[in-house]
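Visitor: Dumping the structure here so I can ask a few things about it.
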Amino acid sequence: AAAATAKQTQKPMLVLLTRASCGVCTSVKNRLSSEAQLKSLLANYVTVEVDTDGPQANALQQKYTFEGSALPGILIVRVDGAPVFAQYA
């Protein structure tokens with residue numbers, strides 16, 4: 001659904017890789033949703049959160065190579081589906 005929205009809106013996708021048990025992940029999610037500058041920046045992206053323990057993560061890992069495993073992770077994907085940035089904690 002997020003990839004279709006990205007194509008429709010012509011915005012890149014920002015994928016936040018998290019885990020429910022990750023305290024740092026929760027902190028990052030809270031900052032992204034509460035700080036005005038970050039919210040303004042995120043308006044330029046279709047954002048999606050992926051729990052790395054969930055089924056959505058398997059499909060994502062098959063499509064994109066994750067070189068890190070520390071969480072949280074951020075993956076930026078162009079409208080055409082090509083990854084342009086990946087960063088892990």
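Starting from 1 in every chain, residues are counted up; chains themselves are A, B, ... following the order of the structure tokens, and ligands are numbered from 1 as listed.
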If we count only C-alpha atoms and set the cut-off at 9 Å, which residues sit around A:Val50, ignoring sequence neighbours fewer than 3 positions away in its own chain? Please answer as a PyMOL selection string.

Guide: chain A and resi 15-19+53-54+56-57+60

Visitor: Taking N, CA, C and O atoms for each residue, export the selection above as an mmCIF file, in the first residue's frame.

Guide:
data_model
loop_
_atom_site.group_PDB
_atom_site.id
_atom_site.type_symbol
_atom_site.label_atom_id
_atom_site.label_comp_id
_atom_site.auth_asym_id
_atom_site.auth_seq_id
_atom_site.Cartn_x
_atom_site.Cartn_y
_atom_site.Cartn_z
ATOM 1 N N VAL A 15 11.112 4.245 5.111
ATOM 2 C CA VAL A 15 10.740 3.048 5.859
ATOM 3 C C VAL A 15 11.499 3.059 7.179
ATOM 4 O O VAL A 15 12.728 3.118 7.199
ATOM 5 N N LEU A 16 10.755 3.022 8.275
ATOM 6 C CA LEU A 16 11.349 2.966 9.609
ATOM 7 C C LEU A 16 11.278 1.518 10.084
ATOM 8 O O LEU A 16 10.194 0.955 10.246
ATOM 9 N N LEU A 17 12.437 0.904 10.242
ATOM 10 C CA LEU A 17 12.527 -0.484 10.693
ATOM 11 C C LEU A 17 12.633 -0.496 12.211
ATOM 12 O O LEU A 17 13.560 0.088 12.779
ATOM 13 N N THR A 18 11.667 -1.134 12.849
ATOM 14 C CA THR A 18 11.602 -1.121 14.305
ATOM 15 C C THR A 18 11.305 -2.522 14.835
ATOM 16 O O THR A 18 11.093 -3.457 14.086
ATOM 17 N N ARG A 19 11.247 -2.609 16.147
ATOM 18 C CA ARG A 19 10.823 -3.827 16.847
ATOM 19 C C ARG A 19 10.097 -3.364 18.104
ATOM 20 O O ARG A 19 10.514 -2.392 18.742
ATOM 21 N N ASP A 53 10.062 -8.046 13.278
ATOM 22 C CA ASP A 53 9.614 -9.380 13.675
ATOM 23 C C ASP A 53 8.348 -9.784 12.932
ATOM 24 O O ASP A 53 7.884 -10.913 13.070
ATOM 25 N N GLY A 54 7.777 -8.886 12.150
ATOM 26 C CA GLY A 54 6.516 -9.148 11.468
ATOM 27 C C GLY A 54 6.697 -9.682 10.060
ATOM 28 O O GLY A 54 7.790 -9.664 9.492
ATOM 29 N N GLN A 56 5.743 -8.453 7.240
ATOM 30 C CA GLN A 56 6.070 -7.428 6.261
ATOM 31 C C GLN A 56 7.586 -7.303 6.095
ATOM 32 O O GLN A 56 8.078 -6.986 5.014
ATOM 33 N N ALA A 57 8.329 -7.565 7.154
ATOM 34 C CA ALA A 57 9.794 -7.456 7.103
ATOM 35 C C ALA A 57 10.400 -8.481 6.161
ATOM 36 O O ALA A 57 11.378 -8.194 5.468
ATOM 37 N N LEU A 60 10.161 -7.242 2.657
ATOM 38 C CA LEU A 60 11.062 -6.113 2.475
ATOM 39 C C LEU A 60 12.511 -6.584 2.345
ATOM 40 O O LEU A 60 13.268 -6.086 1.520
#

Visitor: Which of stretch 41-85 of chain A end up as alpha helix (DSSP H) when DSSP is run on this backbone - answer as a PyMOL selection string?

Guide: chain A and resi 41-42+55-63

Visitor: Just how far from atom CA of A:Cys25 is atom CA of A:Ala86, in Å to one decimal?

Guide: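 Between atom CA of A:Ala86 and atom CA of A:Cys25 the gap works out to 15.5 Å.
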
Visitor: Please report the interatomic distance between atom CA of A:Ala82 and atom CA of A:Thr47 in Å with one decimal.

Guide: 15.6 Å

Visitor: Can I get the residues of stretch 50-87 of chain A within 9 Å of stretch 2-8 of chain A, each with the closest pair of atoms and their distance in Å to one decimal, using only C-alpha atoms, sorted chain first then ascending number, as a tab-separated table?

Guide:
residue	atom	partner	partner_atom	distance
A:Arg78	CA	A:Ala6	CA	8.4
A:Val79	CA	A:Lys7	CA	5.6
A:Asp80	CA	A:Lys7	CA	7.5
A:Gly81	CA	A:Ala3	CA	7.7

Visitor: Store the residues of this selection in a file with all heavy atoms, as a PDB file, in the first residue's frame.

Guide:
ATOM      1  N   ARG A  78      13.318   5.432  -3.583  1.00  0.00           N
ATOM      2  CA  ARG A  78      12.790   6.333  -4.612  1.00  0.00           C
ATOM      3  C   ARG A  78      11.422   5.850  -5.095  1.00  0.00           C
ATOM      4  O   ARG A  78      11.035   4.704  -4.871  1.00  0.00           O
ATOM      5  CB  ARG A  78      13.730   6.394  -5.821  1.00  0.00           C
ATOM      6  CG  ARG A  78      15.028   7.067  -5.542  1.00  0.00           C
ATOM      7  CD  ARG A  78      15.859   7.303  -6.775  1.00  0.00           C
ATOM      8  NE  ARG A  78      15.738   6.240  -7.784  1.00  0.00           N
ATOM      9  CZ  ARG A  78      16.709   5.912  -8.617  1.00  0.00           C
ATOM     10  NH1 ARG A  78      17.858   6.548  -8.580  1.00  0.00           N
ATOM     11  NH2 ARG A  78      16.535   4.956  -9.505  1.00  0.00           N
ATOM     12  N   VAL A  79      10.734   6.713  -5.812  1.00  0.00           N
ATOM     13  CA  VAL A  79       9.415   6.389  -6.349  1.00  0.00           C
ATOM     14  C   VAL A  79       9.473   5.152  -7.255  1.00  0.00           C
ATOM     15  O   VAL A  79       8.555   4.336  -7.250  1.00  0.00           O
ATOM     16  CB  VAL A  79       8.833   7.601  -7.123  1.00  0.00           C
ATOM     17  CG1 VAL A  79       7.546   7.242  -7.820  1.00  0.00           C
ATOM     18  CG2 VAL A  79       8.611   8.772  -6.177  1.00  0.00           C
ATOM     19  N   ASP A  80      10.583   4.976  -7.962  1.00  0.00           N
ATOM     20  CA  ASP A  80      10.705   3.817  -8.855  1.00  0.00           C
ATOM     21  C   ASP A  80      11.075   2.530  -8.112  1.00  0.00           C
ATOM     22  O   ASP A  80      11.259   1.487  -8.717  1.00  0.00           O
ATOM     23  CB  ASP A  80      11.706   4.095  -9.972  1.00  0.00           C
ATOM     24  CG  ASP A  80      13.137   4.271  -9.475  1.00  0.00           C
ATOM     25  OD1 ASP A  80      13.409   4.088  -8.268  1.00  0.00           O
ATOM     26  OD2 ASP A  80      14.002   4.610 -10.301  1.00  0.00           O
ATOM     27  N   GLY A  81      11.204   2.607  -6.786  1.00  0.00           N
ATOM     28  CA  GLY A  81      11.494   1.429  -5.979  1.00  0.00           C
ATOM     29  C   GLY A  81      12.957   1.199  -5.683  1.00  0.00           C
ATOM     30  O   GLY A  81      13.310   0.284  -4.947  1.00  0.00           O
TER      31      GLY A  81
END

Visitor: Using atom CA of A:Gly73 and atom CA of A:Thr9 as the two end points, give the distance in Å to one decimal.

Guide: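 We find that atom CA of A:Gly73 and atom CA of A:Thr9 lie 23.7 Å from each other.
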
Visitor: Skip A:Leu32 itself and residues of its chain fewer than 4 positions away, then list as a list in words all residues within 12 Å of it, counting only C-alpha atoms.

Guide: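 Those residues are Leu14, Leu16, Cys25, Thr26, Ser27, Val28, Ala36, Gln37, Leu38, Lys39, Ser40, Leu41, Leu42, Ala43, Thr47, Val48, Glu49 and Ile74 of chain A.
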
Visitor: List every residue of stretch 9-73 of chain A that DSSP, applied to the backbone of this structure, assigns to strand (DSSP E or B), and report them as a PDB file with all heavy atoms, in the first residue's frame.

Guide:
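Okay, this is what ended up in out-v4.pdb:
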ATOM      1  N   MET A  13       9.684   6.930  -0.441  1.00  0.00           N
ATOM      2  CA  MET A  13       9.211   6.256   0.752  1.00  0.00           C
ATOM      3  C   MET A  13      10.299   6.266   1.816  1.00  0.00           C
ATOM      4  O   MET A  13      11.468   6.017   1.519  1.00  0.00           O
ATOM      5  CB  MET A  13       8.875   4.801   0.399  1.00  0.00           C
ATOM      6  CG  MET A  13       7.627   4.311   0.991  1.00  0.00           C
ATOM      7  SD  MET A  13       7.126   2.636   0.457  1.00  0.00           S
ATOM      8  CE  MET A  13       8.511   1.886  -0.322  1.00  0.00           C
ATOM      9  N   LEU A  14       9.926   6.552   3.043  1.00  0.00           N
ATOM     10  CA  LEU A  14      10.825   6.447   4.180  1.00  0.00           C
ATOM     11  C   LEU A  14      10.315   5.294   5.025  1.00  0.00           C
ATOM     12  O   LEU A  14       9.200   5.346   5.539  1.00  0.00           O
ATOM     13  CB  LEU A  14      10.856   7.731   4.998  1.00  0.00           C
ATOM     14  CG  LEU A  14      11.879   7.728   6.127  1.00  0.00           C
ATOM     15  CD1 LEU A  14      12.535   9.096   6.250  1.00  0.00           C
ATOM     16  CD2 LEU A  14      11.273   7.317   7.441  1.00  0.00           C
ATOM     17  N   VAL A  15      11.112   4.245   5.111  1.00  0.00           N
ATOM     18  CA  VAL A  15      10.740   3.048   5.859  1.00  0.00           C
ATOM     19  C   VAL A  15      11.499   3.059   7.179  1.00  0.00           C
ATOM     20  O   VAL A  15      12.728   3.118   7.199  1.00  0.00           O
ATOM     21  CB  VAL A  15      11.073   1.770   5.064  1.00  0.00           C
ATOM     22  CG1 VAL A  15      10.636   0.531   5.830  1.00  0.00           C
ATOM     23  CG2 VAL A  15      10.436   1.815   3.676  1.00  0.00           C
ATOM     24  N   LEU A  16      10.755   3.022   8.275  1.00  0.00           N
ATOM     25  CA  LEU A  16      11.349   2.966   9.609  1.00  0.00           C
ATOM     26  C   LEU A  16      11.278   1.518  10.084  1.00  0.00           C
ATOM     27  O   LEU A  16      10.194   0.955  10.246  1.00  0.00           O
ATOM     28  CB  LEU A  16      10.601   3.884  10.577  1.00  0.00           C
ATOM     29  CG  LEU A  16      11.097   3.926  12.015  1.00  0.00           C
ATOM     30  CD1 LEU A  16      12.554   4.402  12.084  1.00  0.00           C
ATOM     31  CD2 LEU A  16      10.214   4.809  12.859  1.00  0.00           C
ATOM     32  N   LEU A  17      12.437   0.904  10.242  1.00  0.00           N
ATOM     33  CA  LEU A  17      12.527  -0.484  10.693  1.00  0.00           C
ATOM     34  C   LEU A  17      12.633  -0.496  12.211  1.00  0.00           C
ATOM     35  O   LEU A  17      13.560   0.088  12.779  1.00  0.00           O
ATOM     36  CB  LEU A  17      13.748  -1.161  10.066  1.00  0.00           C
ATOM     37  CG  LEU A  17      13.775  -1.129   8.539  1.00  0.00           C
ATOM     38  CD1 LEU A  17      15.156  -1.480   8.027  1.00  0.00           C
ATOM     39  CD2 LEU A  17      12.731  -2.055   7.974  1.00  0.00           C
ATOM     40  N   THR A  18      11.667  -1.134  12.849  1.00  0.00           N
ATOM     41  CA  THR A  18      11.602  -1.121  14.305  1.00  0.00           C
ATOM     42  C   THR A  18      11.305  -2.522  14.835  1.00  0.00           C
ATOM     43  O   THR A  18      11.093  -3.457  14.086  1.00  0.00           O
ATOM     44  CB  THR A  18      10.486  -0.170  14.795  1.00  0.00           C
ATOM     45  OG1 THR A  18       9.211  -0.691  14.393  1.00  0.00           O
ATOM     46  CG2 THR A  18      10.671   1.233  14.275  1.00  0.00           C
ATOM     47  N   VAL A  46       6.435   9.371   1.865  1.00  0.00           N
ATOM     48  CA  VAL A  46       5.414   8.432   2.317  1.00  0.00           C
ATOM     49  C   VAL A  46       6.113   7.608   3.382  1.00  0.00           C
ATOM     50  O   VAL A  46       7.123   6.940   3.092  1.00  0.00           O
ATOM     51  CB  VAL A  46       4.925   7.534   1.160  1.00  0.00           C
ATOM     52  CG1 VAL A  46       4.004   6.442   1.681  1.00  0.00           C
ATOM     53  CG2 VAL A  46       4.239   8.374   0.098  1.00  0.00           C
ATOM     54  N   THR A  47       5.659   7.702   4.605  1.00  0.00           N
ATOM     55  CA  THR A  47       6.341   6.999   5.697  1.00  0.00           C
ATOM     56  C   THR A  47       5.607   5.707   6.033  1.00  0.00           C
ATOM     57  O   THR A  47       4.386   5.638   6.002  1.00  0.00           O
ATOM     58  CB  THR A  47       6.448   7.874   6.958  1.00  0.00           C
ATOM     59  OG1 THR A  47       5.153   8.271   7.367  1.00  0.00           O
ATOM     60  CG2 THR A  47       7.296   9.100   6.702  1.00  0.00           C
ATOM     61  N   VAL A  48       6.393   4.705   6.347  1.00  0.00           N
ATOM     62  CA  VAL A  48       5.835   3.414   6.742  1.00  0.00           C
ATOM     63  C   VAL A  48       6.744   2.820   7.809  1.00  0.00           C
ATOM     64  O   VAL A  48       7.964   2.923   7.732  1.00  0.00           O
ATOM     65  CB  VAL A  48       5.676   2.463   5.531  1.00  0.00           C
ATOM     66  CG1 VAL A  48       6.999   2.187   4.865  1.00  0.00           C
ATOM     67  CG2 VAL A  48       4.996   1.182   5.928  1.00  0.00           C
ATOM     68  N   GLU A  49       6.129   2.253   8.825  1.00  0.00           N
ATOM     69  CA  GLU A  49       6.883   1.585   9.886  1.00  0.00           C
ATOM     70  C   GLU A  49       6.763   0.084   9.675  1.00  0.00           C
ATOM     71  O   GLU A  49       5.675  -0.435   9.428  1.00  0.00           O
ATOM     72  CB  GLU A  49       6.315   1.957  11.252  1.00  0.00           C
ATOM     73  CG  GLU A  49       7.043   1.293  12.394  1.00  0.00           C
ATOM     74  CD  GLU A  49       6.413   1.586  13.748  1.00  0.00           C
ATOM     75  OE1 GLU A  49       5.638   2.552  13.863  1.00  0.00           O
ATOM     76  OE2 GLU A  49       6.693   0.827  14.690  1.00  0.00           O
ATOM     77  N   VAL A  50       7.895  -0.601   9.748  1.00  0.00           N
ATOM     78  CA  VAL A  50       7.915  -2.046   9.577  1.00  0.00           C
ATOM     79  C   VAL A  50       8.520  -2.678  10.826  1.00  0.00           C
ATOM     80  O   VAL A  50       9.655  -2.369  11.196  1.00  0.00           O
ATOM     81  CB  VAL A  50       8.739  -2.449   8.329  1.00  0.00           C
ATOM     82  CG1 VAL A  50       8.865  -3.959   8.228  1.00  0.00           C
ATOM     83  CG2 VAL A  50       8.097  -1.878   7.079  1.00  0.00           C
ATOM     84  N   ASP A  51       7.747  -3.541  11.478  1.00  0.00           N
ATOM     85  CA  ASP A  51       8.236  -4.305  12.630  1.00  0.00           C
ATOM     86  C   ASP A  51       9.086  -5.440  12.071  1.00  0.00           C
ATOM     87  O   ASP A  51       8.596  -6.275  11.296  1.00  0.00           O
ATOM     88  CB  ASP A  51       7.066  -4.857  13.442  1.00  0.00           C
ATOM     89  CG  ASP A  51       7.511  -5.572  14.703  1.00  0.00           C
ATOM     90  OD1 ASP A  51       8.614  -6.169  14.722  1.00  0.00           O
ATOM     91  OD2 ASP A  51       6.769  -5.538  15.690  1.00  0.00           O
ATOM     92  N   GLY A  73      16.250   1.239  12.149  1.00  0.00           N
ATOM     93  CA  GLY A  73      16.849   1.424  10.837  1.00  0.00           C
ATOM     94  C   GLY A  73      15.966   2.312   9.987  1.00  0.00           C
ATOM     95  O   GLY A  73      14.754   2.376  10.196  1.00  0.00           O
TER      96      GLY A  73
END

Visitor: For A:Pro12, which of A:Lys63, A:Tyr45, A:Phe85, A:Arg31 is the closest residue, counting only C-alpha atoms?

Guide: A:Tyr45
